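The file upload33.txt contains compact mmCIF, C-alpha atoms:
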# COMPACT_ATOMS: atom_id res chain seq x y z
CA MET A 1 59.19 13.08 -25.28
CA SER A 2 59.11 12.18 -28.92
CA VAL A 3 61.06 10.01 -31.22
CA ASP A 4 63.43 10.68 -34.05
CA ASP A 5 62.05 9.37 -37.34
CA THR A 6 65.52 8.04 -38.18
CA GLY A 7 64.98 5.45 -35.46
CA SER A 8 62.66 3.37 -37.64
CA GLY A 9 64.98 0.35 -37.72
CA ALA A 10 66.82 -1.75 -35.21
CA GLY A 11 70.13 -0.23 -36.24
CA ALA A 12 69.05 3.11 -34.83
CA GLU A 13 68.55 1.67 -31.37
CA GLY A 14 72.12 2.25 -30.33
CA ARG A 15 72.21 5.91 -31.31
CA VAL A 16 71.71 8.48 -28.59
CA ASP A 17 70.81 12.09 -29.22
CA PRO A 18 73.78 14.12 -27.91
CA ASP A 19 71.39 16.95 -26.97
CA ALA A 20 69.15 14.70 -24.88
CA PRO A 21 69.36 15.37 -21.12
CA ASP A 22 71.34 12.84 -19.15
CA PRO A 23 69.12 11.61 -16.31
CA GLY A 24 72.24 11.16 -14.19
CA ASP A 25 72.88 14.91 -14.24
CA ASP A 26 70.13 15.61 -11.72
CA PRO A 27 69.15 12.74 -9.42
CA LEU A 28 66.25 14.72 -7.89
CA ALA A 29 64.76 15.43 -11.32
CA LEU A 30 64.87 11.72 -12.08
CA ARG A 31 63.27 10.85 -8.72
CA LEU A 32 60.50 13.41 -9.35
CA GLU A 33 59.90 11.99 -12.81
CA GLN A 34 59.62 8.46 -11.42
CA LEU A 35 57.26 9.68 -8.70
CA ILE A 36 54.97 11.48 -11.15
CA LEU A 37 55.02 8.83 -13.87
CA GLY A 38 54.90 5.95 -11.44
CA ALA A 39 57.54 3.96 -13.33
CA GLU A 40 61.20 3.88 -14.20
CA ARG A 41 62.72 4.53 -17.59
CA ARG A 42 62.93 1.25 -19.46
CA TYR A 43 62.58 1.81 -23.19
CA THR A 44 64.13 3.68 -26.08
CA PRO A 45 61.52 5.12 -28.46
CA PHE A 46 62.14 2.26 -30.89
CA GLN A 47 61.71 -0.33 -28.13
CA ALA A 48 58.51 1.36 -26.89
CA ALA A 49 57.01 1.43 -30.39
CA ARG A 50 57.91 -2.22 -30.94
CA SER A 51 56.43 -3.25 -27.56
CA ALA A 52 53.24 -1.37 -28.36
CA GLY A 53 53.02 -3.03 -31.76
CA VAL A 54 53.04 0.22 -33.76
CA SER A 55 55.40 1.58 -36.37
CA MET A 56 58.04 4.14 -35.45
CA GLU A 57 56.40 6.57 -37.87
CA LEU A 58 53.05 6.39 -36.09
CA ALA A 59 54.68 6.48 -32.65
CA SER A 60 56.57 9.60 -33.69
CA ARG A 61 53.36 11.27 -34.90
CA PHE A 62 51.59 10.51 -31.63
CA TRP A 63 54.41 11.71 -29.38
CA ARG A 64 55.03 14.89 -31.32
CA ALA A 65 51.28 15.60 -31.35
CA MET A 66 51.33 15.35 -27.56
CA GLY A 67 54.05 18.01 -27.53
CA PHE A 68 57.08 15.96 -26.51
CA ALA A 69 60.52 16.81 -27.89
CA ASP A 70 62.69 14.44 -29.91
CA ILE A 71 65.07 12.42 -27.71
CA GLY A 72 66.76 10.35 -30.39
CA GLN A 73 67.05 6.81 -29.03
CA ALA A 74 67.78 7.56 -25.39
CA LYS A 75 66.27 5.12 -22.90
CA ALA A 76 63.71 7.50 -21.42
CA LEU A 77 60.26 5.92 -21.86
CA THR A 78 58.22 3.90 -19.40
CA GLU A 79 55.55 1.22 -19.41
CA ALA A 80 52.94 3.99 -19.38
CA ASP A 81 54.28 5.34 -22.69
CA VAL A 82 53.93 1.89 -24.22
CA LEU A 83 50.36 1.56 -22.89
CA ALA A 84 49.38 4.99 -24.24
CA LEU A 85 50.67 4.07 -27.71
CA ARG A 86 48.88 0.74 -27.58
CA ARG A 87 45.59 2.38 -26.58
CA LEU A 88 45.66 5.01 -29.32
CA ALA A 89 46.67 2.48 -31.96
CA GLY A 90 43.97 0.12 -30.67
CA LEU A 91 41.28 2.76 -31.17
CA VAL A 92 42.44 3.15 -34.77
CA GLU A 93 42.56 -0.59 -35.38
CA ALA A 94 39.06 -1.03 -33.95
CA GLY A 95 37.73 1.60 -36.33
CA LEU A 96 36.61 3.88 -33.48
CA LEU A 97 39.00 6.63 -34.59
CA SER A 98 40.74 7.36 -37.85
CA GLU A 99 44.49 7.79 -37.65
CA ALA A 100 44.10 11.54 -38.26
CA MET A 101 41.52 11.78 -35.47
CA ALA A 102 43.78 9.85 -33.07
CA VAL A 103 46.56 12.34 -33.77
CA GLN A 104 44.09 15.17 -33.09
CA VAL A 105 43.15 13.56 -29.79
CA ALA A 106 46.84 13.39 -28.86
CA ARG A 107 47.42 16.99 -29.90
CA SER A 108 44.41 18.51 -28.17
CA THR A 109 45.11 16.60 -24.96
CA GLY A 110 48.79 17.47 -25.06
CA GLN A 111 48.22 21.18 -25.64
CA THR A 112 45.60 21.48 -22.91
CA THR A 113 47.50 19.55 -20.26
CA ALA A 114 50.83 21.22 -21.13
CA ARG A 115 49.36 24.60 -20.28
CA LEU A 116 47.85 23.24 -17.09
CA ALA A 117 51.12 21.62 -16.02
CA GLU A 118 53.10 24.79 -16.72
CA TRP A 119 50.69 26.84 -14.63
CA GLN A 120 50.77 24.38 -11.75
CA ILE A 121 54.56 24.33 -11.62
CA ASP A 122 55.06 28.07 -12.20
CA SER A 123 52.35 29.41 -9.92
CA PHE A 124 51.14 26.67 -7.61
CA LEU A 125 54.13 24.55 -6.70
CA GLU A 126 56.59 27.46 -6.58
CA GLY A 127 54.55 29.05 -3.82
CA LEU A 128 54.16 25.81 -1.89
CA THR A 129 57.80 24.78 -2.09
CA GLU A 130 59.31 27.86 -0.48
CA PRO A 131 61.75 26.48 2.13
CA PRO A 132 59.95 26.60 5.48
CA GLU A 133 63.17 26.82 7.48
CA PRO A 134 66.54 28.53 6.93
CA GLY A 135 69.08 26.18 5.46
CA MET A 136 66.55 24.01 3.64
CA THR A 137 66.62 24.02 -0.14
CA ARG A 138 63.59 24.12 -2.41
CA THR A 139 64.52 20.70 -3.77
CA GLU A 140 64.32 19.18 -0.28
CA VAL A 141 60.72 20.37 0.00
CA THR A 142 59.48 19.69 -3.55
CA TYR A 143 59.44 15.89 -3.48
CA PRO A 144 57.23 15.36 -0.38
CA ILE A 145 54.86 18.14 -1.50
CA ILE A 146 54.36 16.57 -4.92
CA GLU A 147 54.01 13.15 -3.30
CA LEU A 148 51.10 14.46 -1.22
CA LEU A 149 49.43 16.53 -3.94
CA LEU A 150 49.73 14.19 -6.90
CA PRO A 151 46.85 11.77 -6.18
CA GLU A 152 44.49 14.57 -5.16
CA LEU A 153 45.25 16.69 -8.25
CA GLU A 154 44.89 13.64 -10.48
CA GLU A 155 41.46 12.80 -9.08
CA PHE A 156 40.35 16.43 -9.42
CA LEU A 157 41.58 16.62 -13.03
CA VAL A 158 39.59 13.53 -14.01
CA TYR A 159 36.48 14.88 -12.20
CA VAL A 160 36.60 18.24 -14.01
CA TRP A 161 37.27 16.55 -17.37
CA ARG A 162 34.26 14.26 -16.95
CA ARG A 163 32.06 17.19 -15.96
CA GLN A 164 33.18 19.22 -18.98
CA LEU A 165 32.75 16.21 -21.28
CA ALA A 166 29.21 15.66 -20.01
CA ALA A 167 28.32 19.33 -20.55
CA SER A 168 29.80 19.38 -24.05
CA ALA A 169 28.11 16.11 -25.05
CA GLY A 170 24.80 17.45 -23.80
CA ARG A 171 25.09 20.56 -25.95
CA VAL A 172 25.95 18.53 -29.04
CA VAL A 173 23.10 16.01 -28.81
CA GLN A 174 20.57 18.83 -28.42
CA ASN A 175 21.39 20.11 -31.90
CA VAL A 176 18.61 19.23 -34.33
CA ASP A 177 20.81 19.37 -37.42
CA ASP A 178 23.81 17.03 -37.48
CA ALA A 179 25.75 19.65 -39.47
CA GLU A 180 25.56 21.94 -36.44
CA MET A 181 27.75 19.54 -34.49
CA VAL A 182 30.75 21.08 -36.28
CA ASP A 183 29.45 24.29 -37.87
CA ARG A 184 27.12 25.93 -35.37
CA ARG A 185 25.38 29.27 -34.96
CA LEU A 186 26.80 30.93 -31.89
CA ALA A 187 27.26 34.33 -30.33
CA VAL A 188 30.98 35.15 -30.27
CA ALA A 189 32.52 37.87 -28.10
CA PHE A 190 35.94 39.39 -27.54
CA ALA A 191 36.53 41.50 -24.42
CA ASP A 192 39.68 43.61 -24.55
CA LEU A 193 41.45 45.79 -21.98
CA VAL A 194 42.07 49.29 -23.39
CA GLY A 195 45.63 50.64 -23.35
CA PHE A 196 47.19 47.41 -22.13
CA THR A 197 50.36 47.92 -24.19
CA ARG A 198 51.00 51.25 -22.49
CA LEU A 199 50.46 49.63 -19.11
CA THR A 200 53.17 47.07 -19.80
CA ARG A 201 55.70 49.92 -20.06
CA ARG A 202 54.70 51.51 -16.75
CA MET A 203 53.97 48.58 -14.45
CA GLU A 204 56.33 46.17 -12.78
CA GLU A 205 56.13 42.58 -14.03
CA GLU A 206 54.59 41.33 -10.79
CA GLU A 207 51.91 44.05 -10.84
CA LEU A 208 51.15 43.32 -14.47
CA GLY A 209 50.83 39.62 -13.75
CA GLU A 210 48.40 40.32 -10.89
CA LEU A 211 46.28 42.58 -13.12
CA VAL A 212 46.09 39.99 -15.90
CA GLU A 213 45.21 37.24 -13.42
CA ALA A 214 42.49 39.39 -11.85
CA PHE A 215 41.03 40.20 -15.28
CA GLU A 216 41.08 36.59 -16.44
CA THR A 217 39.58 35.37 -13.15
CA THR A 218 36.78 37.95 -13.24
CA ALA A 219 35.99 37.22 -16.87
CA ALA A 220 36.09 33.44 -16.43
CA ASP A 221 33.80 33.57 -13.40
CA LEU A 222 31.26 35.84 -15.08
CA VAL A 223 31.22 33.89 -18.33
CA ALA A 224 30.72 30.56 -16.53
CA ALA A 225 28.13 31.87 -14.06
CA ARG A 226 25.94 33.42 -16.77
CA GLY A 227 25.98 30.36 -19.06
CA GLY A 228 28.69 31.19 -21.58
CA ARG A 229 31.84 29.23 -22.42
CA LEU A 230 35.31 30.71 -22.16
CA ILE A 231 37.31 29.68 -25.22
CA LYS A 232 40.67 31.24 -24.39
CA THR A 233 42.46 34.09 -22.65
CA LEU A 234 45.17 36.16 -24.30
CA GLY A 235 46.45 38.25 -21.41
CA ASP A 236 44.58 41.48 -22.12
CA GLU A 237 41.76 39.80 -24.04
CA VAL A 238 39.27 36.99 -23.55
CA LEU A 239 37.22 35.12 -26.13
CA TYR A 240 33.94 33.51 -25.14
CA VAL A 241 30.86 32.10 -26.87
CA ALA A 242 27.23 31.50 -25.97
CA ASP A 243 24.47 29.51 -27.58
CA ASP A 244 22.17 32.53 -27.73
CA ALA A 245 22.67 36.25 -28.24
CA ALA A 246 20.89 37.30 -25.06
CA THR A 247 23.27 35.31 -22.86
CA ALA A 248 26.33 36.75 -24.62
CA ALA A 249 24.89 40.27 -24.34
CA ASP A 250 24.25 39.95 -20.61
CA ILE A 251 27.80 38.66 -20.03
CA ALA A 252 29.35 41.50 -22.03
CA LEU A 253 27.45 44.21 -20.19
CA ARG A 254 28.18 42.63 -16.81
CA LEU A 255 31.89 42.53 -17.67
CA VAL A 256 31.87 46.24 -18.49
CA GLU A 257 29.85 47.07 -15.38
CA THR A 258 32.06 45.00 -13.08
CA LEU A 259 35.40 46.27 -14.35
CA SER A 260 34.25 49.90 -14.51
CA HIS A 261 33.76 49.78 -10.74
CA ASP A 262 37.29 48.48 -10.18
CA GLU A 263 39.74 51.39 -10.05
CA THR A 264 42.72 49.08 -10.60
CA MET A 265 41.40 47.92 -13.97
CA PRO A 266 41.75 49.65 -17.34
CA GLU A 267 38.63 50.38 -19.36
CA LEU A 268 37.08 47.52 -21.31
CA ARG A 269 35.64 47.25 -24.80
CA VAL A 270 33.66 44.34 -26.21
CA GLY A 271 32.83 43.29 -29.78
CA MET A 272 30.27 40.59 -30.59
CA ALA A 273 28.89 38.88 -33.67
CA PHE A 274 26.30 36.16 -34.28
CA GLY A 275 26.49 33.50 -36.96
CA THR A 276 27.99 30.25 -38.14
CA VAL A 277 31.13 29.21 -36.30
CA THR A 278 33.48 26.30 -36.95
CA THR A 279 34.78 24.56 -33.83
CA ARG A 280 38.07 22.67 -33.77
CA MET A 281 40.00 21.34 -30.77
CA GLY A 282 38.14 23.60 -28.36
CA ASP A 283 38.73 26.75 -30.44
CA VAL A 284 36.40 28.64 -32.77
CA PHE A 285 37.06 29.91 -36.29
CA GLY A 286 35.33 31.65 -39.16
CA THR A 287 34.02 34.96 -40.41
CA THR A 288 31.82 35.44 -37.34
CA VAL A 289 34.86 35.19 -35.06
CA ASN A 290 36.87 37.57 -37.25
CA LEU A 291 34.01 40.08 -37.27
CA ALA A 292 33.70 40.01 -33.47
CA SER A 293 37.44 40.67 -33.21
CA ARG A 294 37.27 43.62 -35.64
CA LEU A 295 34.31 45.14 -33.80
CA THR A 296 36.29 44.98 -30.56
CA SER A 297 39.06 47.07 -32.10
CA ILE A 298 36.62 49.88 -33.01
CA ALA A 299 34.36 49.71 -29.94
CA PRO A 300 34.26 52.78 -27.66
CA ARG A 301 35.75 52.50 -24.17
CA ASP A 302 33.52 50.77 -21.63
CA ALA A 303 31.05 49.90 -24.38
CA VAL A 304 29.78 46.93 -26.37
CA LEU A 305 29.44 46.82 -30.16
CA VAL A 306 27.50 44.09 -31.99
CA ASP A 307 27.02 43.30 -35.66
CA SER A 308 23.69 43.52 -37.49
CA ALA A 309 23.08 39.75 -37.27
CA PHE A 310 23.53 39.91 -33.48
CA ALA A 311 21.13 42.87 -33.26
CA GLU A 312 18.55 41.05 -35.42
CA GLU A 313 18.79 37.99 -33.17
CA LEU A 314 18.09 40.08 -30.07
CA VAL A 315 15.07 41.62 -31.79
CA ARG A 316 13.84 38.24 -33.10
CA THR A 317 13.94 36.68 -29.64
CA GLY A 318 12.06 39.62 -28.11
CA VAL A 319 14.75 40.84 -25.70
CA ALA A 320 15.40 44.11 -27.55
CA PRO A 321 13.23 46.41 -29.69
CA ALA A 322 14.28 47.28 -33.22
CA SER A 323 14.10 50.94 -32.16
CA GLU A 324 12.93 53.10 -29.29
CA ALA A 325 9.99 54.19 -31.43
CA GLU A 326 8.93 50.56 -31.76
CA ALA A 327 9.29 50.07 -28.01
CA ALA A 328 7.09 53.10 -27.32
CA GLU A 329 4.48 51.92 -29.82
CA ALA A 330 4.42 48.42 -28.32
CA ALA A 331 4.00 49.88 -24.82
CA ALA A 332 1.15 52.16 -25.96
CA THR A 333 -0.62 49.27 -27.70
CA ALA A 334 -0.29 47.05 -24.64
CA GLU A 335 -1.66 49.76 -22.35
CA LYS A 336 -4.60 50.41 -24.67
CA GLU A 337 -5.51 46.73 -24.76
CA GLY A 338 -4.91 46.22 -21.03
CA GLU A 339 -1.98 43.90 -21.57
CA THR A 340 1.50 43.80 -20.07
CA PRO A 341 3.98 45.73 -22.24
CA PRO A 342 7.02 43.88 -23.65
CA ASP A 343 9.82 43.52 -21.10
CA TYR A 344 12.82 44.44 -23.22
CA ARG A 345 16.17 43.79 -21.52
CA PHE A 346 18.48 45.46 -24.02
CA ALA A 347 18.61 48.58 -26.16
CA LEU A 348 20.26 48.91 -29.57
CA GLN A 349 21.56 52.12 -31.09
CA PRO A 350 22.66 52.05 -34.74
CA MET A 351 26.12 53.45 -35.48
CA TRP A 352 27.59 54.75 -38.71
CA GLN A 353 28.45 52.07 -41.24
CA ARG A 354 32.17 51.68 -41.65
CA SER A 355 34.69 49.65 -43.54
CA VAL A 356 36.33 46.88 -41.53
CA ARG A 357 39.62 45.45 -42.71
CA GLY A 358 39.13 42.17 -44.55
CA LEU A 359 35.33 42.17 -44.12
CA GLY A 360 34.12 45.18 -46.10
CA MET A 361 31.32 47.44 -44.86
CA VAL A 362 29.66 46.54 -41.57
CA GLU A 363 26.83 48.14 -39.61
CA PRO A 364 27.70 48.10 -35.90
CA TRP A 365 25.14 48.61 -33.16
CA LEU A 366 25.84 49.96 -29.68
CA LEU A 367 24.40 47.61 -27.06
CA ALA A 368 23.17 48.77 -23.67
CA ARG A 369 20.69 47.82 -21.00
CA ARG A 370 17.24 49.38 -21.32
CA GLY A 371 17.18 52.86 -19.86
CA GLU A 372 20.93 53.43 -20.30
CA THR A 373 20.85 54.87 -23.83
CA GLY A 374 20.49 58.55 -24.35

Could you rewrite the structure in this file as structure tokens?
Amino acid sequence: MSVDDTGSGAGAEGRVDPDAPDPGDDPLALRLEQLILGAERRYTPFQAARSAGVSMELASRFWRAMGFADIGQAKALTEADVLALRRLAGLVEAGLLSEAMAVQVARSTGQTTARLAEWQIDSFLEGLTEPPEPGMTRTEVTYPIIELLLPELEEFLVYVWRRQLAASAGRVVQNVDDAEMVDRRLAVAFADLVGFTRLTRRMEEEELGELVEAFETTAADLVAARGGRLIKTLGDEVLYVADDAATAADIALRLVETLSHDETMPELRVGMAFGTVTTRMGDVFGTTVNLASRLTSIAPRDAVLVDSAFAEELVRTGVAPASEAEAAEAAATAEKEGETPPDYRFALQPMWQRSVRGLGMVEPWLLARRGETG
């Protein structure tokens, strides 16, 4: 829900948006809303803003940032809406957040939870609320199911959020340079299913949905298990980052290896770059991200391309030789001196320089595990 900016005075209180849904149209929807929110509708937007002690303009900014539609001055808000406004405004008044930052908090939280809520209703609750007996309607089953699930899902949501917050805070405080808290050097990777557009024309919607879900699940599990962070999924593509190039390289090769053994999956291509990345609201931006995306578009099927900075980082950290000749020389030297030869995990093969749209000439390298290059 959001407010209409025209409702900034008491005279607007009596106006009702003609497009706003009438809660009396669907009694079950209203009962579900009261169950989930834990309160009845009591306030118009103007009344809620006044009770929270904030201006209508600020209330409107907060609600719209959270992703709620304008409702004019319909009486549709609860005590929880007032408390949320009061808390955000209180953080600003106390100097803990600027007004712009408070709006960002509202927006990032709204966007993240909106996607989660849509998924839970579309995929989770729809399956659970299939009428168990002939003659029963879905609506007769929905209310008791939500009543049982709501407290458990709420507790789980808070648990996961705290765990993620702890992990993110830990990564930030480990940075030596304060500037790296916003602009950091990361390995960025895009993994893209080849020929996905053609598949959409041949497959039924349900089959396509299952394929996308399987791809996203596989990618998310591998990225998390190997120490990367999944930034977002785009159906046929995933974007992830890692603090070091070796971790990102291992994830990319494991993704290719895993999907190549699954006959139901299209081929995969991965592009990666290493460099400064700007992070905002859980997303990543900058030239490094753009370069990784461009490399994905030119990568061979079932292969991984990296930029020169990524290749240099693998060489610098000792997990890949600059060339096979260097690897052979290092092995010969180690054997002569009775030492253990370097244990290189990855191999790099230089490719032809090429022009990449918007980024000029780049020098891509083909990444593989040691012993896989020919």

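One distance worth recording is that between atom CA of A:Leu35 and atom CA of A:Ala114, which is 18.1 Å.
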
(Q) Need to verify the contact set: A:Ala368, 12 Å, all atoms listed in the file, exclusion of same-chain residues closer than 2 positions in sequence. Can you return it as a PyMOL selection string? (A) chain A and resi 246+249-254+256-257+270+302-306+311+314+319-321+344-350+365-366+370-374

Q | Length of the atom CA of A:Ser293 to atom CA of A:Tyr240 vector [Å] | A | 11.3 Å

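Distance annotation: of A:Leu58, A:Leu97, A:Gly38, A:Gln111, the residue with the minimal separation from A:Leu77 is A:Gly38; atom set is all atoms listed in the file.
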
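In this model, the gap between atom CA of A:Ala89 and atom CA of A:Glu152 comes to 29.5 Å.
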
**Q.** Which of A:Met66, A:Ala225, A:Ala59, A:Ala187 sits closest to A:Gln47 [using all atoms listed in the file]
**A.**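 The shortest atom-to-atom distance to A:Gln47 comes from A:Ala59.
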
Q. When distances are computed from all atoms listed in the file, which of A:Glu206, A:Glu33, A:Glu57, A:Glu213 shows the smallest separation from A:Ile146?
A.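 Closest residue, counting all atoms listed in the file: A:Glu33.
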
**Q.** Non-local contacts of stretch 258-262 of chain A (12 Å; only C-alpha atoms; under 3 positions in same chain excluded) as a PyMOL selection string
**A.** chain A and resi 191-194+211+214-219+221-222+250-255+265-269+301-303

Q: Considering all atoms listed in the file, state which residue in the set A:Asp122, A:Arg86, A:Arg162, A:Trp63 is at the smallest distance from A:Ala106.
A: A:Trp63

Q.
At a cut-off of 7 Å, using only C-alpha atoms, what residues contact A:Leu295? Leave out same-chain residues fewer than 2 positions from it and give the result as a list of chain:residue names.
A.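 Near A:Leu295, the qualifying residues are A:Gly271, A:Met272, A:Leu291, A:Ala292, A:Ser293, A:Ser297, A:Ile298, A:Ala299, A:Leu305.
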
Padding 5 Å on every side, please: axis-aligned box over the listed atoms of stretch 234-240 of chain A, centre and edge lengths to one decimal in Å, as lines of an AutoDock Vina configuration file.
center_x = 40.2
center_y = 37.5
center_z = -23.8
size_x = 22.5
size_y = 18.0
size_z = 14.7

Could you complete stretch 230-250 of chain A so that it carries N, CA and C atoms, and give it back as a compact mmCIF listing (two decimals), in the coordinates of the input?
# COMPACT_ATOMS: atom_id res chain seq x y z
N LEU A 230 34.05 30.03 -21.89
CA LEU A 230 35.31 30.71 -22.16
C LEU A 230 36.14 29.85 -23.10
N ILE A 231 36.53 30.42 -24.24
CA ILE A 231 37.31 29.68 -25.22
C ILE A 231 38.80 29.82 -24.93
N LYS A 232 39.27 31.05 -24.73
CA LYS A 232 40.67 31.24 -24.39
C LYS A 232 40.90 32.64 -23.85
N THR A 233 42.02 32.79 -23.16
CA THR A 233 42.46 34.09 -22.65
C THR A 233 43.78 34.43 -23.32
N LEU A 234 43.95 35.71 -23.62
CA LEU A 234 45.17 36.16 -24.30
C LEU A 234 45.82 37.31 -23.54
N GLY A 235 45.85 37.20 -22.22
CA GLY A 235 46.45 38.25 -21.41
C GLY A 235 45.50 39.40 -21.22
N ASP A 236 45.44 40.31 -22.21
CA ASP A 236 44.58 41.48 -22.12
C ASP A 236 43.25 41.28 -22.83
N GLU A 237 42.97 40.06 -23.28
CA GLU A 237 41.76 39.80 -24.04
C GLU A 237 41.22 38.41 -23.73
N VAL A 238 39.90 38.30 -23.71
CA VAL A 238 39.27 36.99 -23.55
C VAL A 238 38.30 36.77 -24.70
N LEU A 239 38.17 35.52 -25.09
CA LEU A 239 37.22 35.12 -26.13
C LEU A 239 36.25 34.13 -25.51
N TYR A 240 34.95 34.44 -25.64
CA TYR A 240 33.94 33.51 -25.14
C TYR A 240 32.80 33.39 -26.15
N VAL A 241 32.02 32.32 -26.00
CA VAL A 241 30.86 32.10 -26.87
C VAL A 241 29.66 31.77 -26.01
N ALA A 242 28.48 31.90 -26.61
CA ALA A 242 27.23 31.50 -25.97
C ALA A 242 26.30 30.98 -27.03
N ASP A 243 25.40 30.10 -26.62
CA ASP A 243 24.47 29.51 -27.58
C ASP A 243 23.43 30.50 -28.08
N ASP A 244 23.15 31.54 -27.30
CA ASP A 244 22.17 32.53 -27.73
C ASP A 244 22.70 33.94 -27.50
N ALA A 245 22.18 34.87 -28.27
CA ALA A 245 22.67 36.25 -28.24
C ALA A 245 22.39 36.93 -26.91
N ALA A 246 21.24 36.64 -26.31
CA ALA A 246 20.89 37.30 -25.06
C ALA A 246 21.88 36.97 -23.95
N THR A 247 22.30 35.71 -23.87
CA THR A 247 23.27 35.31 -22.86
C THR A 247 24.59 36.04 -23.07
N ALA A 248 25.06 36.07 -24.32
CA ALA A 248 26.33 36.75 -24.62
C ALA A 248 26.23 38.23 -24.31
N ALA A 249 25.07 38.84 -24.60
CA ALA A 249 24.89 40.27 -24.34
C ALA A 249 24.93 40.57 -22.85
N ASP A 250 24.26 39.75 -22.06
CA ASP A 250 24.25 39.95 -20.61
C ASP A 250 25.65 39.83 -20.03
